[in-house]
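start_17.txt (compact mmCIF, C-alpha atoms and all ligand atoms)
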```txt
# COMPACT_ATOMS: atom_id res chain seq x y z
CA MET A 1 2.20 17.07 21.27
CA TYR A 2 0.01 13.98 21.08
CA VAL A 3 -3.38 14.13 22.78
CA PRO A 4 -4.93 10.76 23.69
CA ASP A 5 -8.31 10.24 22.02
CA GLU A 6 -10.91 7.54 21.42
CA TRP A 7 -8.21 5.36 19.81
CA GLU A 8 -6.43 4.96 23.17
CA VAL A 9 -6.27 1.33 24.39
CA PRO A 10 -5.34 0.37 27.98
CA ARG A 11 -1.90 -1.27 28.00
CA GLU A 12 -3.15 -4.31 29.95
CA LYS A 13 -5.29 -5.34 26.96
CA MET A 14 -2.16 -6.02 24.90
CA THR A 15 0.00 -9.16 24.73
CA MET A 16 3.10 -9.39 22.52
CA CYS A 17 3.74 -12.83 20.98
CA ARG A 18 6.59 -12.80 18.46
CA GLU A 19 8.75 -10.48 16.40
CA LEU A 20 7.57 -9.73 12.86
CA GLY A 21 10.40 -7.46 11.78
CA GLN A 22 12.25 -4.25 12.38
CA GLY A 23 10.39 -1.04 11.55
CA SER A 24 11.88 2.42 11.20
CA PHE A 25 10.97 3.38 14.77
CA GLY A 26 11.35 0.01 16.46
CA MET A 27 10.42 -3.66 16.42
CA VAL A 28 7.02 -4.76 15.07
CA TYR A 29 5.42 -7.71 16.91
CA GLU A 30 2.57 -10.06 16.35
CA GLY A 31 0.30 -10.00 19.38
CA ILE A 32 -3.16 -10.27 20.81
CA ALA A 33 -5.38 -7.35 21.76
CA LYS A 34 -8.52 -7.59 23.86
CA CYS A 35 -11.62 -5.66 22.78
CA VAL A 36 -10.07 -3.59 19.96
CA VAL A 37 -12.51 -4.89 17.35
CA LYS A 38 -16.25 -4.68 17.99
CA GLY A 39 -17.67 -8.12 18.76
CA ASP A 40 -14.22 -9.75 19.11
CA MET A 41 -12.99 -10.61 22.61
CA GLU A 42 -9.49 -11.15 21.30
CA THR A 43 -7.92 -10.13 17.99
CA GLN A 44 -4.58 -11.09 16.49
CA VAL A 45 -2.82 -7.84 15.68
CA ALA A 46 0.46 -6.27 14.60
CA ILE A 47 1.99 -4.09 17.32
CA LYS A 48 4.44 -1.39 16.34
CA THR A 49 6.79 -0.15 19.00
CA VAL A 50 9.32 2.65 19.40
CA ASN A 51 12.87 1.90 20.54
CA GLU A 52 13.46 2.58 24.22
CA SER A 53 16.23 4.97 23.30
CA ALA A 54 13.89 7.14 21.18
CA SER A 55 13.46 10.80 22.10
CA MET A 56 10.13 12.36 23.04
CA ARG A 57 10.09 13.99 19.61
CA GLU A 58 10.52 10.65 17.84
CA ARG A 59 7.70 9.09 19.88
CA ILE A 60 5.37 11.91 18.90
CA GLU A 61 6.43 11.61 15.26
CA PHE A 62 5.68 7.88 15.44
CA LEU A 63 2.22 8.53 16.90
CA ASN A 64 1.47 11.28 14.41
CA GLU A 65 2.53 9.10 11.49
CA ALA A 66 0.20 6.36 12.74
CA SER A 67 -2.58 8.91 13.32
CA VAL A 68 -2.91 9.49 9.56
CA MET A 69 -4.56 6.05 9.47
CA LYS A 70 -7.29 7.16 11.91
CA GLU A 71 -9.07 8.82 9.00
CA PHE A 72 -9.45 5.67 6.93
CA ASN A 73 -12.02 2.93 7.05
CA CYS A 74 -11.72 0.67 4.02
CA HIS A 75 -11.36 -3.10 3.62
CA HIS A 76 -8.47 -2.60 1.20
CA VAL A 77 -6.46 -0.23 3.39
CA VAL A 78 -4.67 -1.77 6.41
CA ARG A 79 -6.59 -0.65 9.48
CA LEU A 80 -5.32 1.11 12.53
CA LEU A 81 -6.95 -0.56 15.55
CA GLY A 82 -5.64 1.46 18.47
CA VAL A 83 -2.86 3.36 20.16
CA VAL A 84 -1.18 3.04 23.56
CA SER A 85 0.32 6.50 24.09
CA GLN A 86 0.25 6.51 27.89
CA GLY A 87 3.40 5.15 29.54
CA GLN A 88 6.24 3.25 27.86
CA PRO A 89 6.72 1.76 25.37
CA THR A 90 4.47 3.65 22.97
CA LEU A 91 2.44 1.15 20.89
CA VAL A 92 0.49 1.37 17.67
CA ILE A 93 -1.92 -1.49 16.99
CA MET A 94 -2.59 -2.44 13.38
CA GLU A 95 -4.61 -5.06 11.56
CA LEU A 96 -2.36 -8.12 11.23
CA MET A 97 -1.21 -8.90 7.69
CA THR A 98 0.28 -12.34 8.20
CA ARG A 99 1.83 -12.72 4.74
CA GLY A 100 3.88 -9.55 5.02
CA ASP A 101 4.53 -6.97 2.33
CA LEU A 102 3.55 -7.70 -1.28
CA LYS A 103 7.08 -7.36 -2.67
CA SER A 104 8.52 -10.03 -0.35
CA TYR A 105 5.43 -12.17 -0.88
CA LEU A 106 5.78 -12.03 -4.70
CA ARG A 107 9.48 -12.87 -4.47
CA SER A 108 8.67 -15.88 -2.27
CA LEU A 109 6.50 -17.22 -5.12
CA ARG A 110 9.45 -17.48 -7.51
CA PRO A 111 10.01 -21.18 -8.24
CA ASP A 112 13.61 -20.99 -6.96
CA ALA A 113 12.82 -18.97 -3.80
CA GLU A 114 14.17 -20.51 -0.59
CA ASN A 115 11.08 -19.44 1.31
CA ASN A 116 8.60 -20.56 -1.38
CA PRO A 117 5.47 -21.57 0.52
CA GLY A 118 4.88 -24.39 -2.00
CA GLN A 119 2.64 -22.33 -4.23
CA PRO A 120 2.80 -21.85 -7.99
CA PRO A 121 3.20 -18.33 -9.42
CA PRO A 122 -0.11 -16.44 -9.41
CA THR A 123 -2.54 -17.08 -12.27
CA LEU A 124 -3.99 -14.21 -14.31
CA LYS A 125 -7.14 -14.43 -12.17
CA LYS A 126 -5.12 -13.99 -8.97
CA MET A 127 -3.09 -11.13 -10.43
CA THR A 128 -6.28 -9.39 -11.55
CA GLN A 129 -7.75 -9.86 -8.09
CA MET A 130 -4.67 -8.19 -6.56
CA ALA A 131 -5.00 -5.35 -9.05
CA GLY A 132 -8.67 -4.87 -8.12
CA GLU A 133 -7.94 -4.84 -4.40
CA ILE A 134 -5.12 -2.32 -4.72
CA ALA A 135 -7.17 -0.12 -7.07
CA ASP A 136 -10.07 -0.23 -4.59
CA GLY A 137 -7.88 0.91 -1.67
CA MET A 138 -6.46 3.65 -3.87
CA SER A 139 -9.87 4.71 -5.12
CA TYR A 140 -10.98 5.07 -1.48
CA LEU A 141 -7.89 7.13 -0.60
CA ASN A 142 -8.45 9.31 -3.64
CA ALA A 143 -12.11 9.88 -2.71
CA ASN A 144 -10.80 11.05 0.66
CA LYS A 145 -8.47 13.50 -1.09
CA PHE A 146 -5.39 11.53 -0.16
CA VAL A 147 -2.54 11.25 -2.66
CA HIS A 148 -0.29 8.33 -1.68
CA ARG A 149 2.95 9.35 -3.49
CA ASP A 150 4.67 6.06 -2.72
CA LEU A 151 2.47 3.29 -4.06
CA ALA A 152 4.68 0.24 -4.67
CA ALA A 153 4.50 -3.49 -3.93
CA ARG A 154 6.69 -2.97 -0.84
CA ASN A 155 3.99 -0.67 0.55
CA CYS A 156 1.12 -3.10 0.05
CA MET A 157 0.47 -5.91 2.54
CA VAL A 158 -0.93 -9.43 2.15
CA ALA A 159 -3.49 -10.83 4.60
CA GLU A 160 -3.90 -14.45 5.75
CA ASP A 161 -6.62 -14.97 3.12
CA TYR A 162 -4.33 -13.42 0.44
CA THR A 163 -6.25 -10.14 0.21
CA VAL A 164 -3.89 -7.35 -0.78
CA LYS A 165 -4.29 -4.00 0.98
CA ILE A 166 -2.60 -0.62 0.93
CA GLY A 167 -0.18 -0.68 3.89
CA ASP A 168 0.29 2.00 6.46
CA PHE A 169 2.15 5.02 5.25
CA GLY A 170 5.78 5.90 5.76
CA MET A 171 6.90 2.31 6.00
CA THR A 172 9.61 0.09 4.48
CA ARG A 173 12.12 2.71 3.40
CA ASP A 174 14.58 0.73 5.50
CA ILE A 175 14.05 -2.77 4.12
CA TYR A 176 14.09 -1.79 0.47
CA GLU A 177 16.33 1.24 0.61
CA THR A 178 17.62 0.68 -2.94
CA ASP A 179 14.10 1.52 -4.15
CA TYR A 180 14.65 5.14 -3.12
CA TYR A 181 16.95 7.80 -4.48
CA ARG A 182 18.01 11.21 -3.21
CA LYS A 183 17.65 13.64 -6.13
CA GLY A 184 19.71 16.84 -5.82
CA GLY A 185 19.36 17.58 -2.11
CA LYS A 186 15.72 16.47 -1.93
CA GLY A 187 14.30 13.72 0.29
CA LEU A 188 14.46 10.09 -0.75
CA LEU A 189 12.40 9.53 -3.87
CA PRO A 190 10.99 6.25 -5.24
CA VAL A 191 12.11 7.24 -8.77
CA ARG A 192 11.37 3.84 -10.37
CA TRP A 193 7.70 4.17 -9.36
CA MET A 194 7.38 7.85 -10.27
CA SER A 195 5.54 9.34 -13.23
CA PRO A 196 7.32 11.65 -15.71
CA GLU A 197 5.53 14.73 -14.30
CA SER A 198 6.46 13.86 -10.71
CA LEU A 199 10.08 13.39 -11.74
CA LYS A 200 10.06 16.70 -13.62
CA ASP A 201 8.13 18.99 -11.34
CA GLY A 202 7.79 17.11 -8.05
CA VAL A 203 4.01 17.18 -8.53
CA PHE A 204 2.07 14.25 -7.12
CA THR A 205 -1.63 13.70 -7.91
CA THR A 206 -4.05 10.79 -8.10
CA ASN A 207 -2.91 10.53 -11.74
CA SER A 208 0.69 9.99 -10.68
CA ASP A 209 -0.57 7.39 -8.18
CA VAL A 210 -2.14 5.63 -11.18
CA TRP A 211 1.27 5.59 -12.91
CA SER A 212 2.76 3.94 -9.80
CA PHE A 213 -0.15 1.48 -9.83
CA GLY A 214 0.98 0.48 -13.35
CA VAL A 215 4.46 -0.20 -11.96
CA VAL A 216 2.90 -2.32 -9.17
CA LEU A 217 1.10 -4.35 -11.86
CA TRP A 218 4.47 -4.85 -13.52
CA GLU A 219 5.92 -5.98 -10.19
CA ILE A 220 3.06 -8.45 -9.80
CA ALA A 221 3.59 -9.83 -13.32
CA THR A 222 7.38 -10.19 -12.85
CA LEU A 223 7.24 -11.53 -9.26
CA ALA A 224 8.81 -8.31 -8.04
CA GLU A 225 11.75 -7.75 -10.32
CA GLN A 226 13.44 -4.40 -9.87
CA PRO A 227 11.91 -1.95 -12.40
CA TYR A 228 14.43 -0.72 -15.02
CA GLN A 229 16.99 -3.27 -13.77
CA GLY A 230 20.48 -2.43 -14.99
CA MET A 231 19.83 1.32 -15.19
CA SER A 232 21.12 3.78 -12.60
CA ASN A 233 18.64 6.05 -10.84
CA GLU A 234 19.86 9.02 -12.92
CA GLN A 235 19.36 6.97 -16.11
CA VAL A 236 15.84 5.99 -15.00
CA LEU A 237 15.03 9.65 -14.36
CA ARG A 238 16.06 10.68 -17.85
CA PHE A 239 14.58 7.62 -19.54
CA VAL A 240 11.11 8.05 -17.99
CA MET A 241 11.03 11.83 -18.51
CA GLU A 242 11.82 11.24 -22.19
CA GLY A 243 8.89 8.83 -22.58
CA GLY A 244 10.62 5.51 -21.88
CA LEU A 245 8.55 2.68 -20.40
CA LEU A 246 9.07 -0.64 -18.67
CA GLU A 247 9.27 -3.56 -21.03
CA ARG A 248 6.56 -6.09 -21.38
CA GLN A 249 7.67 -9.53 -20.29
CA GLU A 250 6.86 -12.40 -22.64
CA SER A 251 4.79 -14.18 -20.02
CA CYS A 252 2.74 -11.08 -19.15
CA PRO A 253 -0.95 -11.62 -20.00
CA ASP A 254 -2.45 -9.18 -22.52
CA SER A 255 -5.14 -7.83 -20.22
CA LEU A 256 -2.66 -7.01 -17.48
CA PHE A 257 -0.32 -5.29 -19.91
CA GLU A 258 -3.25 -3.32 -21.31
CA LEU A 259 -3.87 -1.92 -17.81
CA MET A 260 -0.18 -1.02 -17.46
CA ARG A 261 -0.24 0.66 -20.88
CA LEU A 262 -3.19 2.82 -19.85
CA SER A 263 -1.65 3.69 -16.48
CA TRP A 264 1.53 4.85 -18.21
CA GLN A 265 -0.02 7.37 -20.58
CA TYR A 266 2.48 10.22 -20.67
CA ASN A 267 -0.29 12.76 -20.29
CA PRO A 268 -1.56 12.35 -16.69
CA LYS A 269 -5.11 13.28 -17.66
CA MET A 270 -5.32 10.46 -20.16
CA ARG A 271 -4.69 7.83 -17.51
CA PRO A 272 -7.78 6.08 -16.18
CA SER A 273 -8.93 6.81 -12.65
CA PHE A 274 -8.81 3.99 -10.08
CA THR A 275 -12.60 3.72 -10.33
CA GLU A 276 -12.35 3.27 -14.09
CA ILE A 277 -9.69 0.61 -13.60
CA ILE A 278 -12.02 -1.37 -11.30
CA GLN A 279 -14.89 -0.80 -13.72
CA SER A 280 -12.85 -2.42 -16.48
CA ILE A 281 -11.89 -5.56 -14.52
CA LYS A 282 -14.84 -6.01 -12.17
CA VAL A 283 -16.31 -8.99 -14.05
CA ASP A 284 -13.08 -10.93 -13.41
CA LEU A 285 -13.02 -10.30 -9.64
CA GLU A 286 -14.08 -12.77 -6.92
CA PRO A 287 -17.76 -12.50 -5.92
CA CYS A 288 -16.78 -11.45 -2.36
CA PHE A 289 -15.23 -8.26 -3.80
CA LYS A 290 -18.77 -6.93 -4.14
CA GLU A 291 -19.36 -7.34 -0.42
CA VAL A 292 -16.20 -5.68 0.84
CA ALA A 293 -15.05 -3.21 -1.79
CA TYR A 294 -15.34 0.55 -1.44
CA PHE A 295 -16.27 0.54 -5.14
CA TYR A 296 -19.62 -1.13 -4.38
CA SER A 297 -20.32 0.75 -1.14
CA GLU A 298 -23.08 3.26 -0.55
CA GLU A 299 -20.37 5.74 0.43
CA CYS A 300 -18.81 5.46 -3.02
CA LYS A 301 -22.14 5.68 -4.83
CA SER A 302 -23.30 8.78 -2.97
CA ARG A 303 -19.96 10.50 -3.42
CA ASP A 304 -20.05 9.77 -7.14
CA GLN A 305 -23.56 11.11 -7.41
CA GLU A 306 -22.53 14.31 -5.61
CA GLU A 307 -19.58 14.83 -7.92
CA PHE A 308 -21.64 14.01 -10.98
CA ASP A 309 -24.32 16.54 -9.91
CA MET A 310 -21.68 19.20 -9.35
CA GLU A 311 -20.23 18.52 -12.75
CA THR A 312 -23.66 18.66 -14.38
CA GLU A 313 -24.31 22.06 -12.79
CA ASN A 314 -21.03 23.35 -14.16
CA MET A 315 -21.96 22.09 -17.60
CA GLU A 316 -25.07 24.22 -17.97
CA SER A 317 -23.41 26.85 -20.09
CA VAL A 318 -21.67 24.43 -22.41
CA PRO A 319 -22.24 25.34 -26.04
CA LEU A 320 -23.41 22.42 -28.13
CA ASP A 321 -20.99 22.24 -31.01
CA PRO A 322 -18.59 19.29 -30.72
CA SER A 323 -15.31 21.19 -30.99
CA SER A 324 -16.10 23.50 -28.10
CA MET A 325 -17.23 20.49 -26.10
CA LEU A 326 -13.82 18.98 -26.46
CA GLN A 327 -12.28 22.21 -25.24
CA HIS A 328 -14.66 22.37 -22.33
CA ALA A 329 -13.86 18.81 -21.34
CA ALA A 330 -10.16 19.56 -21.38
CA SER A 331 -10.57 22.65 -19.22
CA ALA A 332 -12.87 20.75 -16.84
CA ALA A 333 -10.12 18.18 -16.44
CA ASP A 334 -7.65 21.02 -15.80
CA LYS A 335 -9.86 22.47 -13.12
CA HIS A 336 -10.01 19.14 -11.40
CA SER A 337 -6.30 18.51 -11.81
CA GLY A 338 -5.68 15.58 -9.55
CA HIS A 339 -9.33 15.08 -8.79
CA LYS A 340 -11.05 14.23 -12.03
CA VAL A 341 -14.72 13.45 -12.11
CA GLU A 342 -14.88 9.75 -11.47
CA ASN A 343 -17.51 7.63 -13.09
CA GLY A 344 -19.25 5.47 -10.58
CA PRO A 345 -20.42 1.93 -10.94
CA GLY A 346 -22.88 1.77 -13.78
CA ILE A 347 -21.74 4.96 -15.51
CA VAL A 348 -19.29 4.28 -18.27
CA LEU A 349 -16.82 6.97 -19.11
CA ARG A 350 -16.45 6.71 -22.83
CA GLY A 351 -13.02 7.04 -24.29
CA SER A 352 -10.88 5.81 -21.43
CA PHE A 353 -10.79 2.17 -22.39
CA ASP A 354 -11.06 2.58 -26.12
CA GLU A 355 -8.77 -0.05 -27.60
CA ARG A 356 -8.22 2.12 -30.62
CA GLN A 357 -6.67 4.78 -28.44
CA PRO A 358 -3.12 5.25 -29.69
CA TYR A 359 -0.28 4.28 -27.40
CA THR A 360 0.91 7.78 -26.63
CA HIS A 361 3.73 8.23 -24.23
CA MET A 362 5.62 11.17 -25.59
CA ASN A 363 4.83 14.76 -24.69
CA GLY A 364 2.78 16.37 -27.41
CA GLY A 365 2.09 13.01 -29.00
CA ARG A 366 -1.50 12.82 -27.82
CA LYS A 367 -4.16 12.26 -30.41
CA ASN A 368 -7.31 11.28 -28.53
CA GLU A 369 -7.72 13.63 -25.60
CA LYS A 370 -9.86 12.06 -22.92
CA VAL A 371 -13.39 13.37 -23.06
CA LEU A 372 -15.42 13.76 -19.90
CA PRO A 373 -19.10 12.81 -20.19
CA LEU A 374 -21.35 15.72 -21.04
CA PRO A 375 -25.12 15.75 -20.61
CA GLN A 376 -26.92 14.90 -23.88
CA SER A 377 -23.60 14.67 -25.62
CA THR A 378 -23.50 12.86 -28.92
CA ALA A 379 -20.02 14.04 -29.72
CA CYS A 380 -17.71 11.52 -28.06
P1 LIG B 401 7.71 1.07 9.94
O1 LIG B 401 6.50 1.59 9.23
O2 LIG B 401 7.68 1.36 11.39
O3 LIG B 401 8.98 1.43 9.28
P2 LIG B 401 7.37 -1.42 8.67
O4 LIG B 401 6.00 -1.19 8.22
O5 LIG B 401 8.50 -1.31 7.73
O6 LIG B 401 7.64 -0.51 9.91
O7 LIG B 401 7.35 -2.87 9.27
C1 LIG B 401 8.45 -3.54 9.82
C2 LIG B 401 8.18 -5.04 9.73
O8 LIG B 401 6.92 -5.35 10.32
C3 LIG B 401 8.09 -5.58 8.30
O9 LIG B 401 8.69 -6.85 8.30
C4 LIG B 401 6.61 -5.67 8.02
O10 LIG B 401 6.34 -6.70 7.12
C5 LIG B 401 6.06 -5.98 9.40
N1 LIG B 401 4.72 -5.38 9.53
C6 LIG B 401 4.41 -4.06 9.55
N2 LIG B 401 3.10 -3.86 9.65
C7 LIG B 401 2.54 -5.08 9.68
C8 LIG B 401 1.20 -5.56 9.76
N3 LIG B 401 0.17 -4.72 9.84
N4 LIG B 401 1.01 -6.89 9.76
C9 LIG B 401 2.04 -7.75 9.67
N5 LIG B 401 3.31 -7.36 9.59
C10 LIG B 401 3.58 -6.05 9.60
```

With the file now loaded, output its structure as structure tokens.
Amino acid sequence: MYVPDEWEVPREKMTMCRELGQGSFGMVYEGIAKCVVKGDMETQVAIKTVNESASMRERIEFLNEASVMKEFNCHHVVRLLGVVSQGQPTLVIMELMTRGDLKSYLRSLRPDAENNPGQPPPTLKKMTQMAGEIADGMSYLNANKFVHRDLAARNCMVAEDYTVKIGDFGMTRDIYETDYYRKGGKGLLPVRWMSPESLKDGVFTTNSDVWSFGVVLWEIATLAEQPYQGMSNEQVLRFVMEGGLLERQESCPDSLFELMRLSWQYNPKMRPSFTEIIQSIKVDLEPCFKEVAYFYSEECKSRDQEEFDMETENMESVPLDPSSMLQHAASAADKHSGHKVENGPGIVLRGSFDERQPYTHMNGGRKNEKVLPLPQSTAC
């Protein structure tokens, strides 16, 4: 069942202009929509359609998949603008991302690419900007208790002004089908983007999203090479579970590789949160990031304050000797599993970006457990 709601747009407000590409349910068009964005008479949009031959069930599945996006309102997550569920064909109206998906975009920037738009490969500044935008979209999703599970360059989209955003969910399994693998009777899995714990136990958390973010950084730095090229999916599975990591390319800037290194900590709790990632690169981001990012929004600040207050309340009975503090921090992280306390803008979480932190990527090889901030703590 799909019940029309405030997202419903009258069909006569829509005009299709040209094909953008084939989606899993049907063709996606570029088009124009009247009055779908406040203050805009006409907006250029992407219009997703369902094949005429689709069953009622498929149409509802298509609408329900799109409906997930109704919950989100973030500059760095591709926006749903409306739905035409009444009559045929069923349409879903999305923010138009004229430069397509990030994977194809990065490949087009290779010097020998046929469709190179005449641009040089991205500079470190541009790559960092992409990282910040993706981390901001992910930080927003995480704050809304949403675990992506399939973060990859193919699932990010590039806008006309080159802003990178998290794309709508459930897309692109068709175009890049070699990026997915069916593991022992399970659904298709993006094994090359998956963390060791997701590969082992099928557990996905914000921490495993951070691992995938590290792989996206690697895709950005390599102009979308295939991760673990030359290895079979089964080999990748074993390699990653045993602590293997993607190689650093010679041309990869230090700061970008440092972010990858942190995102690929074997222990999920030692990986930085998306907020911490933005915190660490914010000085290198374009000034306009401050105006549009979730990271700088009131919504983010108030949520952080709430979480910090909750954490402080829970800390009241913490004994004050350093060793028990460490234990408490570890168990607090356990309690939050998947939803760690995030440090907001202005609050620095000590430990996470310590350059002296050893490069630990083997189980049991951890030396510096991540310490959550404790009130009046002098121990970390
Ligand atoms: P689906 O989610 O239905 O499988 P996809 O997201 O894979 O569809 O999209 C199919 C094609 O449409 C791809 O070429 C993709 O780049 C393009 N596309 C999808 N969404 C947008 C958008 N918001 N803006 C621009 N192009 C888009």

For chain A against ligand LIG 401 (chain B), with a cut-off of 6 Å and counting all atoms listed in the file, what is the closest atom pair and its distance in Å to one decimal for every residue that makes the cut, ordered by chain and number, as CSV?
```
residue,atom,partner,partner_atom,distance
A:Leu20,CA,B:LIG401,O8,5.1
A:Gly21,CA,B:LIG401,C2,3.9
A:Gln22,CA,B:LIG401,C1,4.6
A:Gly23,CA,B:LIG401,O6,3.2
A:Ser24,CA,B:LIG401,O3,3.6
A:Phe25,CA,B:LIG401,O2,5.1
A:Val28,CA,B:LIG401,O8,4.8
A:Ala46,CA,B:LIG401,N4,4.9
A:Met94,CA,B:LIG401,N3,5.0
A:Glu95,CA,B:LIG401,N3,5.1
A:Leu96,CA,B:LIG401,N4,3.9
A:Met97,CA,B:LIG401,N4,3.6
A:Thr98,CA,B:LIG401,C9,5.1
A:Gly100,CA,B:LIG401,O10,4.3
A:Asp101,CA,B:LIG401,O10,5.1
A:Gly170,CA,B:LIG401,O1,5.6
A:Met171,CA,B:LIG401,O1,3.3
A:Thr172,CA,B:LIG401,O5,3.7
```

Would you save the residues of that selection, restricted to C-alpha atoms, as an mmCIF file, keeping the file's coordinate frame?
```cif
data_model
loop_
_atom_site.group_PDB
_atom_site.id
_atom_site.type_symbol
_atom_site.label_atom_id
_atom_site.label_comp_id
_atom_site.auth_asym_id
_atom_site.auth_seq_id
_atom_site.Cartn_x
_atom_site.Cartn_y
_atom_site.Cartn_z
ATOM 1 C CA LEU A 20 7.570 -9.730 12.860
ATOM 2 C CA GLY A 21 10.400 -7.460 11.780
ATOM 3 C CA GLN A 22 12.250 -4.250 12.380
ATOM 4 C CA GLY A 23 10.390 -1.040 11.550
ATOM 5 C CA SER A 24 11.880 2.420 11.200
ATOM 6 C CA PHE A 25 10.970 3.380 14.770
ATOM 7 C CA VAL A 28 7.020 -4.760 15.070
ATOM 8 C CA ALA A 46 0.460 -6.270 14.600
ATOM 9 C CA MET A 94 -2.590 -2.440 13.380
ATOM 10 C CA GLU A 95 -4.610 -5.060 11.560
ATOM 11 C CA LEU A 96 -2.360 -8.120 11.230
ATOM 12 C CA MET A 97 -1.210 -8.900 7.690
ATOM 13 C CA THR A 98 0.280 -12.340 8.200
ATOM 14 C CA GLY A 100 3.880 -9.550 5.020
ATOM 15 C CA ASP A 101 4.530 -6.970 2.330
ATOM 16 C CA GLY A 170 5.780 5.900 5.760
ATOM 17 C CA MET A 171 6.900 2.310 6.000
ATOM 18 C CA THR A 172 9.610 0.090 4.480
#
```

Contact check, stretch 123-220 of chain A to stretch 265-276 of chain A, at most 12 Å, counting only C-alpha atoms, closest pairs as JSON lines:
```
{"residue": "A:Ala131", "atom": "CA", "partner": "A:Phe274", "partner_atom": "CA", "distance": 10.1}
{"residue": "A:Gly132", "atom": "CA", "partner": "A:Phe274", "partner_atom": "CA", "distance": 9.1}
{"residue": "A:Glu133", "atom": "CA", "partner": "A:Phe274", "partner_atom": "CA", "distance": 10.5}
{"residue": "A:Ile134", "atom": "CA", "partner": "A:Phe274", "partner_atom": "CA", "distance": 9.1}
{"residue": "A:Ala135", "atom": "CA", "partner": "A:Phe274", "partner_atom": "CA", "distance": 5.4}
{"residue": "A:Asp136", "atom": "CA", "partner": "A:Phe274", "partner_atom": "CA", "distance": 7.0}
{"residue": "A:Gly137", "atom": "CA", "partner": "A:Phe274", "partner_atom": "CA", "distance": 9.0}
{"residue": "A:Met138", "atom": "CA", "partner": "A:Phe274", "partner_atom": "CA", "distance": 6.6}
{"residue": "A:Ser139", "atom": "CA", "partner": "A:Phe274", "partner_atom": "CA", "distance": 5.1}
{"residue": "A:Tyr140", "atom": "CA", "partner": "A:Phe274", "partner_atom": "CA", "distance": 8.9}
{"residue": "A:Leu141", "atom": "CA", "partner": "A:Phe274", "partner_atom": "CA", "distance": 10.0}
{"residue": "A:Asn142", "atom": "CA", "partner": "A:Phe274", "partner_atom": "CA", "distance": 8.4}
{"residue": "A:Ala143", "atom": "CA", "partner": "A:Thr275", "partner_atom": "CA", "distance": 9.8}
{"residue": "A:Met194", "atom": "CA", "partner": "A:Tyr266", "partner_atom": "CA", "distance": 11.7}
{"residue": "A:Ser195", "atom": "CA", "partner": "A:Tyr266", "partner_atom": "CA", "distance": 8.1}
{"residue": "A:Pro196", "atom": "CA", "partner": "A:Tyr266", "partner_atom": "CA", "distance": 7.1}
{"residue": "A:Glu197", "atom": "CA", "partner": "A:Pro268", "partner_atom": "CA", "distance": 7.9}
{"residue": "A:Ser198", "atom": "CA", "partner": "A:Pro268", "partner_atom": "CA", "distance": 10.1}
{"residue": "A:Val203", "atom": "CA", "partner": "A:Pro268", "partner_atom": "CA", "distance": 11.0}
{"residue": "A:Phe204", "atom": "CA", "partner": "A:Pro268", "partner_atom": "CA", "distance": 10.4}
{"residue": "A:Thr205", "atom": "CA", "partner": "A:Pro268", "partner_atom": "CA", "distance": 8.9}
{"residue": "A:Thr206", "atom": "CA", "partner": "A:Ser273", "partner_atom": "CA", "distance": 7.8}
{"residue": "A:Asn207", "atom": "CA", "partner": "A:Pro268", "partner_atom": "CA", "distance": 5.4}
{"residue": "A:Ser208", "atom": "CA", "partner": "A:Pro268", "partner_atom": "CA", "distance": 6.8}
{"residue": "A:Asp209", "atom": "CA", "partner": "A:Phe274", "partner_atom": "CA", "distance": 9.1}
{"residue": "A:Val210", "atom": "CA", "partner": "A:Phe274", "partner_atom": "CA", "distance": 7.0}
{"residue": "A:Trp211", "atom": "CA", "partner": "A:Arg271", "partner_atom": "CA", "distance": 7.9}
{"residue": "A:Ser212", "atom": "CA", "partner": "A:Arg271", "partner_atom": "CA", "distance": 11.4}
{"residue": "A:Phe213", "atom": "CA", "partner": "A:Phe274", "partner_atom": "CA", "distance": 9.0}
{"residue": "A:Gly214", "atom": "CA", "partner": "A:Gln265", "partner_atom": "CA", "distance": 10.0}
```

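For the pair atom CA of A:Leu245 and atom CA of A:Trp264, the separation is 7.7 Å.
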
Using all atoms listed in the file, determine which residues lie at most 12 Å from A:Ser53, disregarding the query and same-chain residues fewer than 6 positions distant; provide the list as a PDB file with C-alpha atoms, keeping the file's coordinate frame.
```
ATOM      1  CA  PHE A  25      10.970   3.380  14.770  1.00  0.00           C
ATOM      2  CA  GLY A  26      11.350   0.010  16.460  1.00  0.00           C
ATOM      3  CA  ARG A  59       7.700   9.090  19.880  1.00  0.00           C
ATOM      4  CA  GLN A  88       6.240   3.250  27.860  1.00  0.00           C
ATOM      5  CA  PRO A  89       6.720   1.760  25.370  1.00  0.00           C
ATOM      6  CA  THR A  90       4.470   3.650  22.970  1.00  0.00           C
TER       7      THR A  90
END
```

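When atom CA of A:Glu61 is paired with atom CA of A:Leu81, their separation reads 18.1 Å.
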
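Around the point (-9.1, 2.4, 18.0), within 9 Å and counting only C-alpha atoms, we find these residues: Asp5, Glu6, Trp7, Glu8, Val9, Val36, Val37, Lys70, Leu80, Leu81, Gly82, Val83 and Ile93 of chain A.
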
> atom CA of A:Phe169 to atom CA of A:Val45: how many Å, to one decimal?
Replying inline: 17.3 Å
